[in-house]
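Colleague: One file is attached below, entry_14.pdb, containing PDB, C-alpha atoms.
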MODEL        1
ATOM      1  CA  MET A  10       0.000   0.000   0.000
ATOM      2  CA  SER A  11       1.356   3.418  -0.835
ATOM      3  CA  TYR A  12       0.300   6.810   0.441
ATOM      4  CA  LEU A  13       0.353  10.161  -1.316
ATOM      5  CA  THR A  14       0.619  13.479   0.507
ATOM      6  CA  VAL A  15      -0.053  16.650  -1.455
ATOM      7  CA  GLU A  16      -0.513  20.256  -0.467
ATOM      8  CA  VAL A  17      -3.999  21.407  -1.369
ATOM      9  CA  GLU A  18      -6.135  24.510  -1.320
ATOM     10  CA  ILE A  19      -9.818  24.459  -0.538
ATOM     11  CA  ASP A  20     -11.912  26.907  -2.531
ATOM     12  CA  HIS A  21     -15.637  27.033  -1.838
ATOM     13  CA  GLY A  22     -15.583  23.403  -0.663
ATOM     14  CA  HIS A  23     -13.574  22.106  -3.625
ATOM     15  CA  VAL A  24     -10.166  20.531  -2.962
ATOM     16  CA  LEU A  25      -7.513  21.614  -5.470
ATOM     17  CA  ALA A  26      -3.929  20.374  -5.633
ATOM     18  CA  LYS A  27      -1.652  23.326  -4.894
ATOM     19  CA  GLY A  28       1.372  22.046  -6.820
ATOM     20  CA  ALA A  29       1.831  20.084 -10.012
ATOM     21  CA  GLU A  30       0.511  16.881  -8.423
ATOM     22  CA  VAL A  31      -2.591  15.375  -9.960
ATOM     23  CA  LEU A  32      -5.238  14.137  -7.577
ATOM     24  CA  PRO A  33      -6.557  10.643  -8.292
ATOM     25  CA  GLU A  34      -9.976  10.294  -9.892
ATOM     26  CA  LYS A  35     -11.229   8.353  -6.896
ATOM     27  CA  ALA A  36      -9.587   7.755  -3.526
ATOM     28  CA  SER A  37     -10.152   7.954   0.176
ATOM     29  CA  GLY A  38      -7.955   9.656   2.706
ATOM     30  CA  LEU A  39      -7.642  11.978   5.642
ATOM     31  CA  LEU A  40      -7.614  15.752   5.413
ATOM     32  CA  THR A  41      -5.897  18.036   7.915
ATOM     33  CA  ILE A  42      -7.261  21.574   7.895
ATOM     34  CA  ILE A  43      -4.627  24.250   8.500
ATOM     35  CA  PRO A  44      -6.094  27.708   9.126
ATOM     36  CA  SER A  45      -5.176  30.112   6.356
ATOM     37  CA  ASP A  46      -5.240  33.068   8.751
ATOM     38  CA  PRO A  47      -2.527  32.629  11.383
ATOM     39  CA  ASP A  48      -3.796  35.716  13.247
ATOM     40  CA  ASN A  49      -6.715  33.650  14.540
ATOM     41  CA  ARG A  50      -4.348  31.538  16.616
ATOM     42  CA  PRO A  51      -3.210  32.860  19.981
ATOM     43  CA  ALA A  52       0.372  34.079  19.918
ATOM     44  CA  ILE A  53       2.728  31.898  21.923
ATOM     45  CA  SER A  54       6.427  32.456  22.352
ATOM     46  CA  PRO A  55       8.924  29.625  21.885
ATOM     47  CA  LEU A  56       9.618  29.746  25.631
ATOM     48  CA  GLN A  57       5.908  29.413  26.430
ATOM     49  CA  ALA A  58       5.666  26.472  24.023
ATOM     50  CA  LEU A  59       8.650  24.788  25.704
ATOM     51  CA  GLU A  60       7.212  25.374  29.178
ATOM     52  CA  SER A  61       3.877  23.950  28.064
ATOM     53  CA  LEU A  62       5.573  20.863  26.609
ATOM     54  CA  GLN A  63       7.638  20.446  29.778
ATOM     55  CA  LYS A  64       4.479  20.584  31.906
ATOM     56  CA  HIS A  65       2.622  18.185  29.591
ATOM     57  CA  LEU A  66       5.467  15.657  29.740
ATOM     58  CA  GLY A  67       5.810  16.058  33.492
ATOM     59  CA  LEU A  68       9.429  17.162  33.291
ATOM     60  CA  ASP A  69      10.888  18.958  36.292
ATOM     61  CA  ALA A  70      14.067  21.000  35.867
ATOM     62  CA  ASN A  71      16.346  17.951  36.344
ATOM     63  CA  LYS A  72      14.410  15.716  33.941
ATOM     64  CA  ALA A  73      14.309  18.547  31.383
ATOM     65  CA  ALA A  74      18.097  18.939  31.627
ATOM     66  CA  GLU A  75      18.548  15.175  31.144
ATOM     67  CA  TRP A  76      16.226  15.242  28.121
ATOM     68  CA  MET A  77      18.124  18.180  26.559
ATOM     69  CA  ALA A  78      21.412  16.348  27.093
ATOM     70  CA  SER A  79      20.056  13.231  25.390
ATOM     71  CA  VAL A  80      18.872  15.337  22.424
ATOM     72  CA  ARG A  81      22.302  16.971  22.144
ATOM     73  CA  GLU A  82      23.973  13.553  22.255
ATOM     74  CA  ALA A  83      21.624  12.183  19.590
ATOM     75  CA  ARG A  84      22.488  15.069  17.245
ATOM     76  CA  ARG A  85      26.208  14.234  17.305
TER      77      ARG A  85
ENDMDL
END
Can you present the structure in this file as structure tokens?

Modeller:
Amino acid sequence: MSYLTVEVEIDHGHVLAKGAEVLPEKASGLLTIIPSDPDNRPAISPLQALESLQKHLGLDANKAAEWMASVREARR
């Protein structure tokens, strides 16, 4: 089984391929809607995003430091 991911635009309910890709005549799939107006989303700083992720993952300062060290090591 193969999957195809294409960037699309939606215009008045019609899905149009944004690039040179041709959509199949018939298929099924999943569609992720990305808002076209980023101003509708609340502004969040990178630090706020990191703090939110830290809280979600239950990382205290020590666990966060260990995680950052493991990421640095993995990038080497």

Colleague: Given the file above and the PyMOL selection byres ((chain A and resi 15) around 10), which residues are selected, and can you give them as a list in words?

Modeller: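 Applied to this file, the PyMOL selection byres ((chain A and resi 15) around 10) returns Leu13, Thr14, Glu16, Val17, Glu18, Leu25, Ala26, Lys27, Gly28, Ala29, Glu30, Val31 and Leu32 of chain A.
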
Colleague: I'd like the interatomic distance between CA of Glu60 in chain A and CA of Ile42 in chain A, to a tenth of an Å.

Modeller: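 Distance between the two atoms: 26.0 Å.
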
Colleague: If I take CA of Trp76 in chain A and CA of Ser54 in chain A, how far is one from the other in Å, to one decimal?

Modeller: 20.6 Å

Colleague: Would you mind telling me which residue in A:Gln57, A:Ser79, A:Ser45, A:Ser37 lies nearest to Asp20 in chain A when using all atoms listed in the file?

Modeller: A:Ser45
